[in-house]
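Undergrad: To be precise about what I am sending: the file is called entry16.txt and holds compact mmCIF, N, CA and C atoms.
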```txt
# COMPACT_ATOMS: atom_id res chain seq x y z
N MET F 1 -0.60 -4.71 35.18
CA MET F 1 -0.71 -3.36 34.65
C MET F 1 0.11 -3.21 33.37
N ASP F 2 1.29 -3.84 33.34
CA ASP F 2 2.17 -3.76 32.18
C ASP F 2 1.52 -4.41 30.95
N GLU F 3 0.75 -5.47 31.15
CA GLU F 3 0.04 -6.13 30.05
C GLU F 3 -0.99 -5.19 29.42
N ASN F 4 -1.69 -4.43 30.26
CA ASN F 4 -2.69 -3.49 29.75
C ASN F 4 -2.05 -2.41 28.90
N VAL F 5 -0.90 -1.93 29.30
CA VAL F 5 -0.20 -0.90 28.54
C VAL F 5 0.22 -1.45 27.17
N LYS F 6 0.75 -2.67 27.15
CA LYS F 6 1.14 -3.29 25.88
C LYS F 6 -0.07 -3.54 24.99
N SER F 7 -1.16 -3.95 25.58
CA SER F 7 -2.39 -4.20 24.83
C SER F 7 -2.93 -2.91 24.21
N ILE F 8 -2.91 -1.87 25.00
CA ILE F 8 -3.40 -0.57 24.51
C ILE F 8 -2.48 -0.06 23.40
N ALA F 9 -1.17 -0.21 23.57
CA ALA F 9 -0.22 0.25 22.57
C ALA F 9 -0.39 -0.51 21.25
N SER F 10 -0.60 -1.82 21.33
CA SER F 10 -0.79 -2.59 20.10
C SER F 10 -2.11 -2.25 19.42
N THR F 11 -3.14 -1.98 20.21
CA THR F 11 -4.42 -1.57 19.64
C THR F 11 -4.29 -0.22 18.94
N ILE F 12 -3.54 0.69 19.55
CA ILE F 12 -3.33 2.00 18.94
C ILE F 12 -2.57 1.86 17.62
N ARG F 13 -1.57 0.97 17.56
CA ARG F 13 -0.82 0.76 16.33
C ARG F 13 -1.69 0.16 15.22
N ILE F 14 -2.59 -0.75 15.60
CA ILE F 14 -3.49 -1.36 14.60
C ILE F 14 -4.44 -0.31 14.04
N VAL F 15 -4.99 0.52 14.92
CA VAL F 15 -5.89 1.59 14.47
C VAL F 15 -5.12 2.57 13.59
N SER F 16 -3.89 2.87 13.97
CA SER F 16 -3.05 3.76 13.18
C SER F 16 -2.79 3.16 11.80
N LEU F 17 -2.51 1.86 11.73
CA LEU F 17 -2.30 1.20 10.45
C LEU F 17 -3.54 1.28 9.58
N LEU F 18 -4.69 1.05 10.18
CA LEU F 18 -5.94 1.12 9.41
C LEU F 18 -6.19 2.52 8.85
N LYS F 19 -5.88 3.54 9.65
CA LYS F 19 -6.02 4.91 9.16
C LYS F 19 -5.06 5.20 8.01
N CYS F 20 -3.84 4.71 8.13
CA CYS F 20 -2.85 4.91 7.07
C CYS F 20 -3.25 4.17 5.80
N LEU F 21 -3.78 2.97 5.96
CA LEU F 21 -4.24 2.22 4.80
C LEU F 21 -5.43 2.90 4.14
N LEU F 22 -6.31 3.47 4.95
CA LEU F 22 -7.44 4.22 4.39
C LEU F 22 -6.93 5.41 3.58
N ALA F 23 -5.94 6.11 4.10
CA ALA F 23 -5.36 7.23 3.37
C ALA F 23 -4.70 6.76 2.07
N SER F 24 -3.98 5.66 2.13
CA SER F 24 -3.30 5.18 0.93
C SER F 24 -4.28 4.67 -0.12
N TYR F 25 -5.37 4.06 0.31
CA TYR F 25 -6.37 3.62 -0.66
C TYR F 25 -7.18 4.80 -1.21
N THR F 26 -7.27 5.87 -0.45
CA THR F 26 -7.86 7.10 -0.99
C THR F 26 -6.97 7.66 -2.09
N VAL F 27 -5.67 7.66 -1.85
CA VAL F 27 -4.71 8.09 -2.88
C VAL F 27 -4.83 7.19 -4.10
N THR F 28 -4.92 5.89 -3.88
CA THR F 28 -5.07 4.95 -4.99
C THR F 28 -6.33 5.25 -5.80
N GLY F 29 -7.43 5.46 -5.11
CA GLY F 29 -8.69 5.75 -5.80
C GLY F 29 -8.63 7.03 -6.61
N LEU F 30 -8.04 8.07 -6.04
CA LEU F 30 -7.92 9.34 -6.77
C LEU F 30 -7.01 9.19 -7.99
N CYS F 31 -5.91 8.49 -7.82
CA CYS F 31 -5.00 8.28 -8.96
C CYS F 31 -5.66 7.45 -10.05
N LEU F 32 -6.40 6.42 -9.67
CA LEU F 32 -7.09 5.61 -10.67
C LEU F 32 -8.20 6.39 -11.36
N LEU F 33 -8.85 7.28 -10.63
CA LEU F 33 -9.86 8.14 -11.24
C LEU F 33 -9.23 9.07 -12.27
N ILE F 34 -8.09 9.64 -11.93
CA ILE F 34 -7.38 10.49 -12.89
C ILE F 34 -6.96 9.68 -14.11
N MET F 35 -6.48 8.45 -13.89
CA MET F 35 -6.11 7.60 -15.02
C MET F 35 -7.31 7.28 -15.90
N ALA F 36 -8.45 7.03 -15.28
CA ALA F 36 -9.65 6.73 -16.06
C ALA F 36 -10.07 7.93 -16.91
N ILE F 37 -9.98 9.11 -16.33
CA ILE F 37 -10.32 10.33 -17.09
C ILE F 37 -9.36 10.52 -18.25
N LEU F 38 -8.06 10.33 -17.99
CA LEU F 38 -7.08 10.46 -19.06
C LEU F 38 -7.28 9.41 -20.14
N LEU F 39 -7.65 8.22 -19.74
CA LEU F 39 -7.91 7.15 -20.70
C LEU F 39 -9.13 7.48 -21.54
N TYR F 40 -10.12 8.10 -20.93
CA TYR F 40 -11.34 8.47 -21.64
C TYR F 40 -11.07 9.60 -22.63
N LYS F 41 -10.29 10.58 -22.19
CA LYS F 41 -10.05 11.77 -23.04
C LYS F 41 -9.04 11.52 -24.15
N PHE F 42 -8.03 10.73 -23.86
CA PHE F 42 -6.95 10.50 -24.82
C PHE F 42 -6.81 9.01 -25.08
N SER F 43 -6.21 8.69 -26.19
CA SER F 43 -5.96 7.28 -26.46
C SER F 43 -4.58 6.94 -25.89
N ILE F 44 -4.60 6.29 -24.74
CA ILE F 44 -3.36 5.95 -24.05
C ILE F 44 -3.06 4.48 -24.32
N SER F 45 -1.81 4.20 -24.59
CA SER F 45 -1.43 2.81 -24.87
C SER F 45 -1.47 1.97 -23.59
N GLU F 46 -1.57 0.68 -23.79
CA GLU F 46 -1.64 -0.24 -22.66
C GLU F 46 -0.35 -0.23 -21.85
N LYS F 47 0.76 0.00 -22.51
CA LYS F 47 2.05 0.05 -21.83
C LYS F 47 2.09 1.22 -20.83
N ILE F 48 1.56 2.35 -21.22
CA ILE F 48 1.53 3.52 -20.33
C ILE F 48 0.59 3.26 -19.15
N ILE F 49 -0.50 2.58 -19.40
CA ILE F 49 -1.43 2.25 -18.32
C ILE F 49 -0.76 1.32 -17.32
N ASP F 50 -0.04 0.31 -17.82
CA ASP F 50 0.67 -0.61 -16.92
C ASP F 50 1.69 0.12 -16.06
N ILE F 51 2.44 1.01 -16.69
CA ILE F 51 3.44 1.79 -15.94
C ILE F 51 2.75 2.69 -14.92
N SER F 52 1.62 3.27 -15.29
CA SER F 52 0.89 4.15 -14.38
C SER F 52 0.38 3.39 -13.16
N ILE F 53 -0.07 2.17 -13.35
CA ILE F 53 -0.53 1.36 -12.23
C ILE F 53 0.61 1.05 -11.27
N ILE F 54 1.78 0.77 -11.81
CA ILE F 54 2.96 0.52 -10.97
C ILE F 54 3.31 1.78 -10.18
N VAL F 55 3.25 2.93 -10.84
CA VAL F 55 3.54 4.20 -10.16
C VAL F 55 2.51 4.46 -9.06
N ILE F 56 1.26 4.13 -9.32
CA ILE F 56 0.21 4.30 -8.30
C ILE F 56 0.48 3.39 -7.11
N TYR F 57 0.89 2.15 -7.35
CA TYR F 57 1.27 1.26 -6.24
C TYR F 57 2.40 1.88 -5.42
N CYS F 58 3.39 2.42 -6.11
CA CYS F 58 4.54 3.03 -5.41
C CYS F 58 4.10 4.21 -4.56
N ILE F 59 3.33 5.10 -5.12
CA ILE F 59 2.88 6.30 -4.40
C ILE F 59 2.03 5.90 -3.20
N SER F 60 1.11 4.98 -3.39
CA SER F 60 0.21 4.60 -2.31
C SER F 60 0.93 3.86 -1.19
N SER F 61 1.81 2.94 -1.54
CA SER F 61 2.57 2.22 -0.51
C SER F 61 3.53 3.15 0.22
N PHE F 62 4.14 4.06 -0.52
CA PHE F 62 5.02 5.06 0.09
C PHE F 62 4.25 5.90 1.09
N THR F 63 3.04 6.32 0.71
CA THR F 63 2.19 7.11 1.59
C THR F 63 1.85 6.33 2.86
N ALA F 64 1.47 5.08 2.70
CA ALA F 64 1.13 4.25 3.86
C ALA F 64 2.33 4.09 4.78
N GLY F 65 3.50 3.80 4.22
CA GLY F 65 4.71 3.62 5.02
C GLY F 65 5.13 4.89 5.73
N MET F 66 5.03 6.01 5.02
CA MET F 66 5.42 7.29 5.61
C MET F 66 4.50 7.66 6.77
N LEU F 67 3.20 7.52 6.57
CA LEU F 67 2.25 7.88 7.62
C LEU F 67 2.31 6.93 8.81
N PHE F 68 2.50 5.64 8.54
CA PHE F 68 2.49 4.66 9.62
C PHE F 68 3.75 4.76 10.49
N SER F 69 4.86 5.15 9.89
CA SER F 69 6.11 5.20 10.65
C SER F 69 6.33 6.54 11.34
N LYS F 70 5.45 7.49 11.13
CA LYS F 70 5.61 8.83 11.70
C LYS F 70 5.87 8.80 13.20
N LYS F 71 5.10 8.02 13.93
CA LYS F 71 5.18 8.04 15.39
C LYS F 71 6.06 6.93 15.96
N ALA F 72 6.70 6.18 15.09
CA ALA F 72 7.58 5.10 15.56
C ALA F 72 8.88 5.70 16.09
N PRO F 73 9.30 5.29 17.28
CA PRO F 73 10.52 5.86 17.83
C PRO F 73 11.80 5.37 17.15
N LYS F 74 11.79 4.13 16.67
CA LYS F 74 12.97 3.59 16.00
C LYS F 74 12.53 2.53 15.00
N ARG F 75 13.48 2.16 14.15
CA ARG F 75 13.24 1.16 13.11
C ARG F 75 12.03 1.49 12.24
N ARG F 76 12.00 2.71 11.78
CA ARG F 76 10.86 3.18 10.98
C ARG F 76 10.73 2.41 9.67
N PHE F 77 11.84 1.96 9.13
CA PHE F 77 11.77 1.22 7.87
C PHE F 77 10.97 -0.06 8.03
N LEU F 78 11.01 -0.68 9.21
CA LEU F 78 10.21 -1.88 9.44
C LEU F 78 8.72 -1.56 9.52
N TRP F 79 8.39 -0.44 10.12
CA TRP F 79 6.99 -0.02 10.18
C TRP F 79 6.48 0.31 8.78
N GLY F 80 7.32 0.96 7.99
CA GLY F 80 6.96 1.24 6.60
C GLY F 80 6.80 -0.03 5.79
N PHE F 81 7.70 -0.99 6.01
CA PHE F 81 7.62 -2.29 5.36
C PHE F 81 6.30 -2.97 5.71
N ALA F 82 5.93 -2.92 6.99
CA ALA F 82 4.67 -3.54 7.44
C ALA F 82 3.47 -2.89 6.76
N ALA F 83 3.51 -1.57 6.63
CA ALA F 83 2.41 -0.86 5.96
C ALA F 83 2.32 -1.25 4.48
N GLY F 84 3.47 -1.34 3.82
CA GLY F 84 3.49 -1.76 2.41
C GLY F 84 2.98 -3.18 2.24
N MET F 85 3.36 -4.06 3.15
CA MET F 85 2.87 -5.44 3.10
C MET F 85 1.36 -5.51 3.34
N ALA F 86 0.88 -4.72 4.29
CA ALA F 86 -0.57 -4.70 4.56
C ALA F 86 -1.33 -4.19 3.33
N TYR F 87 -0.79 -3.15 2.68
CA TYR F 87 -1.40 -2.62 1.46
C TYR F 87 -1.47 -3.73 0.40
N PHE F 88 -0.37 -4.45 0.23
CA PHE F 88 -0.32 -5.53 -0.76
C PHE F 88 -1.29 -6.65 -0.41
N LEU F 89 -1.35 -7.05 0.85
CA LEU F 89 -2.24 -8.14 1.25
C LEU F 89 -3.70 -7.81 0.99
N ILE F 90 -4.07 -6.55 1.21
CA ILE F 90 -5.46 -6.16 0.93
C ILE F 90 -5.73 -6.21 -0.57
N ILE F 91 -4.76 -5.79 -1.38
CA ILE F 91 -4.92 -5.90 -2.83
C ILE F 91 -5.10 -7.36 -3.23
N CYS F 92 -4.31 -8.25 -2.62
CA CYS F 92 -4.43 -9.69 -2.93
C CYS F 92 -5.79 -10.24 -2.51
N LEU F 93 -6.26 -9.86 -1.34
CA LEU F 93 -7.57 -10.33 -0.88
C LEU F 93 -8.68 -9.88 -1.82
N ILE F 94 -8.61 -8.64 -2.24
CA ILE F 94 -9.61 -8.12 -3.18
C ILE F 94 -9.51 -8.87 -4.50
N SER F 95 -8.29 -9.12 -4.97
CA SER F 95 -8.09 -9.84 -6.23
C SER F 95 -8.64 -11.26 -6.17
N VAL F 96 -8.43 -11.93 -5.05
CA VAL F 96 -8.95 -13.29 -4.89
C VAL F 96 -10.47 -13.29 -4.93
N CYS F 97 -11.09 -12.30 -4.29
CA CYS F 97 -12.56 -12.23 -4.27
C CYS F 97 -13.14 -11.88 -5.63
N VAL F 98 -12.47 -10.99 -6.37
CA VAL F 98 -13.00 -10.50 -7.63
C VAL F 98 -12.70 -11.45 -8.79
N GLU F 99 -11.49 -12.00 -8.80
CA GLU F 99 -11.06 -12.83 -9.91
C GLU F 99 -10.74 -14.24 -9.41
N PRO F 100 -11.58 -15.21 -9.75
CA PRO F 100 -11.36 -16.57 -9.25
C PRO F 100 -10.09 -17.22 -9.78
N ASP F 101 -9.58 -16.77 -10.92
CA ASP F 101 -8.37 -17.35 -11.52
C ASP F 101 -7.10 -16.65 -11.05
N PHE F 102 -7.18 -15.88 -10.01
CA PHE F 102 -6.04 -15.12 -9.51
C PHE F 102 -4.93 -16.07 -9.06
N GLN F 103 -3.71 -15.81 -9.50
CA GLN F 103 -2.54 -16.62 -9.16
C GLN F 103 -1.65 -15.84 -8.21
N PRO F 104 -1.69 -16.13 -6.90
CA PRO F 104 -0.90 -15.34 -5.95
C PRO F 104 0.61 -15.53 -6.06
N LEU F 105 1.06 -16.60 -6.70
CA LEU F 105 2.49 -16.83 -6.84
C LEU F 105 2.99 -16.55 -8.25
N SER F 106 2.26 -15.75 -9.00
CA SER F 106 2.69 -15.41 -10.34
C SER F 106 3.80 -14.35 -10.28
N ASN F 107 4.51 -14.21 -11.38
CA ASN F 107 5.58 -13.20 -11.43
C ASN F 107 5.05 -11.80 -11.20
N ALA F 108 3.91 -11.49 -11.79
CA ALA F 108 3.33 -10.15 -11.63
C ALA F 108 2.97 -9.88 -10.16
N CYS F 109 2.43 -10.88 -9.50
CA CYS F 109 2.04 -10.72 -8.10
C CYS F 109 3.28 -10.55 -7.21
N LEU F 110 4.29 -11.33 -7.46
CA LEU F 110 5.52 -11.22 -6.67
C LEU F 110 6.23 -9.89 -6.94
N THR F 111 6.16 -9.40 -8.16
CA THR F 111 6.72 -8.09 -8.48
C THR F 111 5.97 -7.00 -7.74
N THR F 112 4.64 -7.11 -7.71
CA THR F 112 3.83 -6.14 -6.98
C THR F 112 4.15 -6.19 -5.49
N LEU F 113 4.38 -7.37 -4.96
CA LEU F 113 4.78 -7.51 -3.55
C LEU F 113 6.07 -6.74 -3.29
N GLY F 114 7.05 -6.92 -4.15
CA GLY F 114 8.32 -6.20 -4.00
C GLY F 114 8.16 -4.70 -4.10
N ILE F 115 7.32 -4.27 -5.03
CA ILE F 115 7.08 -2.83 -5.21
C ILE F 115 6.42 -2.24 -3.97
N CYS F 116 5.38 -2.90 -3.50
CA CYS F 116 4.65 -2.38 -2.33
C CYS F 116 5.50 -2.40 -1.07
N ALA F 117 6.21 -3.50 -0.85
CA ALA F 117 7.05 -3.61 0.35
C ALA F 117 8.21 -2.61 0.29
N GLY F 118 8.85 -2.51 -0.86
CA GLY F 118 9.95 -1.57 -1.00
C GLY F 118 9.52 -0.11 -0.89
N SER F 119 8.40 0.22 -1.51
CA SER F 119 7.91 1.60 -1.43
C SER F 119 7.46 1.93 0.00
N GLY F 120 6.82 0.99 0.66
CA GLY F 120 6.43 1.22 2.05
C GLY F 120 7.66 1.41 2.93
N MET F 121 8.70 0.61 2.70
CA MET F 121 9.93 0.73 3.48
C MET F 121 10.59 2.09 3.23
N LEU F 122 10.63 2.52 1.97
CA LEU F 122 11.18 3.82 1.65
C LEU F 122 10.37 4.94 2.31
N GLY F 123 9.05 4.79 2.31
CA GLY F 123 8.21 5.75 3.01
C GLY F 123 8.49 5.78 4.50
N GLY F 124 8.77 4.61 5.07
CA GLY F 124 9.13 4.55 6.47
C GLY F 124 10.44 5.25 6.77
N ILE F 125 11.40 5.14 5.86
CA ILE F 125 12.68 5.80 6.05
C ILE F 125 12.52 7.31 5.96
N VAL F 126 11.74 7.77 4.98
CA VAL F 126 11.52 9.20 4.79
C VAL F 126 10.66 9.79 5.89
N GLY F 127 9.64 9.01 6.31
CA GLY F 127 8.69 9.49 7.32
C GLY F 127 9.33 9.59 8.63
```
With the file now loaded, output its structure as structure tokens.

TA:
Amino acid sequence: MDENVKSIASTIRIVSLLKCLLASYTVTGLCLLIMAILLYKFSISEKIIDISIIVIYCISSFTAGMLFSKKAPKRRFLWGFAAGMAYFLIICLISVCVEPDFQPLSNACLTTLGICAGSGMLGGIVG
């Protein structure tokens, strides 16, 4: 009986993570849409676009971490960290599929990993 309870609890956490990731990717999509509109209307420099993408990663990972850790009884920062890592891994999987020359161990990729994991952890602490 105890095994069934653990199995159900882990299934609930996985479904909860998927819902949080869906919410965070919705935030990502809306933010990127706003960026595209701003890019279309105004001449924005590439540096501002790069900074905006980093801010979008932070907001989305923070959202995922905050939502995922809401129901955690303790160690919320770890749940937020897990949500940030899951967000990053999905970005990497999409990048590998879309761009064959994708370098997962590049400085930019490792920086994005730190941003997503840290923002998710911060979201877990706040959530």

Undergrad: Which residues are near stretch 49-58 of chain F? Cut-off 9 Å, only C-alpha atoms, ignore same chain within fewer than 5 positions. Put them as a PyMOL selection string.

TA: chain F and resi 27-28+31-32+35+39+44+63+88+112+115-116+118-120

Undergrad: Output N, CA and C atoms for every residue in the selection just made, as a JSON list (two decimals), in the coordinates of the input.

TA:
```json
[["chain", "number", "residue", "atom", "x", "y", "z"],
["F", 27, "VAL", "N", -5.67, 7.66, -1.85],
["F", 27, "VAL", "CA", -4.71, 8.09, -2.88],
["F", 27, "VAL", "C", -4.83, 7.19, -4.10],
["F", 28, "THR", "N", -4.92, 5.89, -3.88],
["F", 28, "THR", "CA", -5.07, 4.95, -4.99],
["F", 28, "THR", "C", -6.33, 5.25, -5.80],
["F", 31, "CYS", "N", -5.91, 8.49, -7.82],
["F", 31, "CYS", "CA", -5.00, 8.28, -8.96],
["F", 31, "CYS", "C", -5.66, 7.45, -10.05],
["F", 32, "LEU", "N", -6.40, 6.42, -9.67],
["F", 32, "LEU", "CA", -7.09, 5.61, -10.67],
["F", 32, "LEU", "C", -8.20, 6.39, -11.36],
["F", 35, "MET", "N", -6.48, 8.45, -13.89],
["F", 35, "MET", "CA", -6.11, 7.60, -15.02],
["F", 35, "MET", "C", -7.31, 7.28, -15.90],
["F", 39, "LEU", "N", -7.65, 8.22, -19.74],
["F", 39, "LEU", "CA", -7.91, 7.15, -20.70],
["F", 39, "LEU", "C", -9.13, 7.48, -21.54],
["F", 44, "ILE", "N", -4.60, 6.29, -24.74],
["F", 44, "ILE", "CA", -3.36, 5.95, -24.05],
["F", 44, "ILE", "C", -3.06, 4.48, -24.32],
["F", 63, "THR", "N", 3.04, 6.32, 0.71],
["F", 63, "THR", "CA", 2.19, 7.11, 1.59],
["F", 63, "THR", "C", 1.85, 6.33, 2.86],
["F", 88, "PHE", "N", -0.37, -4.45, 0.23],
["F", 88, "PHE", "CA", -0.32, -5.53, -0.76],
["F", 88, "PHE", "C", -1.29, -6.65, -0.41],
["F", 112, "THR", "N", 4.64, -7.11, -7.71],
["F", 112, "THR", "CA", 3.83, -6.14, -6.98],
["F", 112, "THR", "C", 4.15, -6.19, -5.49],
["F", 115, "ILE", "N", 7.32, -4.27, -5.03],
["F", 115, "ILE", "CA", 7.08, -2.83, -5.21],
["F", 115, "ILE", "C", 6.42, -2.24, -3.97],
["F", 116, "CYS", "N", 5.38, -2.90, -3.50],
["F", 116, "CYS", "CA", 4.65, -2.38, -2.33],
["F", 116, "CYS", "C", 5.50, -2.40, -1.07],
["F", 118, "GLY", "N", 8.85, -2.51, -0.86],
["F", 118, "GLY", "CA", 9.95, -1.57, -1.00],
["F", 118, "GLY", "C", 9.52, -0.11, -0.89],
["F", 119, "SER", "N", 8.40, 0.22, -1.51],
["F", 119, "SER", "CA", 7.91, 1.60, -1.43],
["F", 119, "SER", "C", 7.46, 1.93, 0.00],
["F", 120, "GLY", "N", 6.82, 0.99, 0.66],
["F", 120, "GLY", "CA", 6.43, 1.22, 2.05],
["F", 120, "GLY", "C", 7.66, 1.41, 2.93]]
```

Undergrad: Can you pull out every residue within 9 Å of F:Val126, counting only C-alpha atoms, but drop anything in the same chain fewer than 3 positions away, and send it as a list in words?

TA: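 Non-adjacent residues within range: Gly65, Met66, Ser69, Arg76, Phe77, Met121, Leu122 and Gly123 of chain F.
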
Undergrad: Taking the chain letters and numbering used in this document, name the residues of chain F that DSSP puts in alpha helix (DSSP H), as a VMD selection string.

TA: chain F and resid 2 to 41 46 to 69 76 to 98 107 to 126

Undergrad: Using all atoms listed in the file for the distances, tell me which of F:Gly127, F:Ser7, F:Ala108, F:Ile37 is nearest to F:Lys70.

TA: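 Closest to F:Lys70, using all atoms listed in the file: F:Gly127.
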
Undergrad: Nearest to F:Leu78 among F:Glu99, F:Leu38, F:Ile125, F:Ile94, with distances taken over only C-alpha atoms: which residue is it?

TA: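 Nearest candidate to F:Leu78 out of F:Glu99, F:Leu38, F:Ile125, F:Ile94: F:Ile125.
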
Undergrad: Which residues come within 7 Å of F:Tyr87, counting only N, CA and C atoms, excluding same-chain residues fewer than 3 positions away, as a compact mmCIF listing (two decimals) with N, CA and C atoms, keeping the file's coordinate frame?

TA:
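Written file, out00.txt:
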```txt
# COMPACT_ATOMS: atom_id res chain seq x y z
N LEU F 21 -3.78 2.97 5.96
CA LEU F 21 -4.24 2.22 4.80
C LEU F 21 -5.43 2.90 4.14
N SER F 61 1.81 2.94 -1.54
CA SER F 61 2.57 2.22 -0.51
C SER F 61 3.53 3.15 0.22
N ALA F 82 5.93 -2.92 6.99
CA ALA F 82 4.67 -3.54 7.44
C ALA F 82 3.47 -2.89 6.76
N ALA F 83 3.51 -1.57 6.63
CA ALA F 83 2.41 -0.86 5.96
C ALA F 83 2.32 -1.25 4.48
N GLY F 84 3.47 -1.34 3.82
CA GLY F 84 3.49 -1.76 2.41
C GLY F 84 2.98 -3.18 2.24
N ILE F 90 -4.07 -6.55 1.21
CA ILE F 90 -5.46 -6.16 0.93
C ILE F 90 -5.73 -6.21 -0.57
N ILE F 91 -4.76 -5.79 -1.38
CA ILE F 91 -4.92 -5.90 -2.83
C ILE F 91 -5.10 -7.36 -3.23
N CYS F 92 -4.31 -8.25 -2.62
CA CYS F 92 -4.43 -9.69 -2.93
C CYS F 92 -5.79 -10.24 -2.51
N CYS F 116 5.38 -2.90 -3.50
CA CYS F 116 4.65 -2.38 -2.33
C CYS F 116 5.50 -2.40 -1.07
```

Undergrad: Take atom N of F:Arg75 and atom N of F:Gly124 and report the distance between them in Å, one decimal.

TA: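 Atom N of F:Gly124 lies at a distance of 10.5 Å from atom N of F:Arg75.
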
Undergrad: Please report, as JSON, the centre and edge lengths in Å to one decimal of an axis-aligned box covering all listed atoms of stretch 55-72 of chain F with 3 Å per side.

TA:
```
{"center_x": 4.5, "center_y": 5.0, "center_z": 2.6, "size_x": 14.7, "size_y": 13.6, "size_z": 32.9}
```

Undergrad: Between atom CA of F:Ala23 and atom CA of F:Ala9, what distance in Å does the model show, to one decimal?

TA: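 Calculated distance between atom CA of F:Ala23 and atom CA of F:Ala9 is 21.1 Å.
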
Undergrad: Using Å and a single decimal, report how far atom C of F:Gly114 sits from atom C of F:Leu22.

TA: 19.7 Å
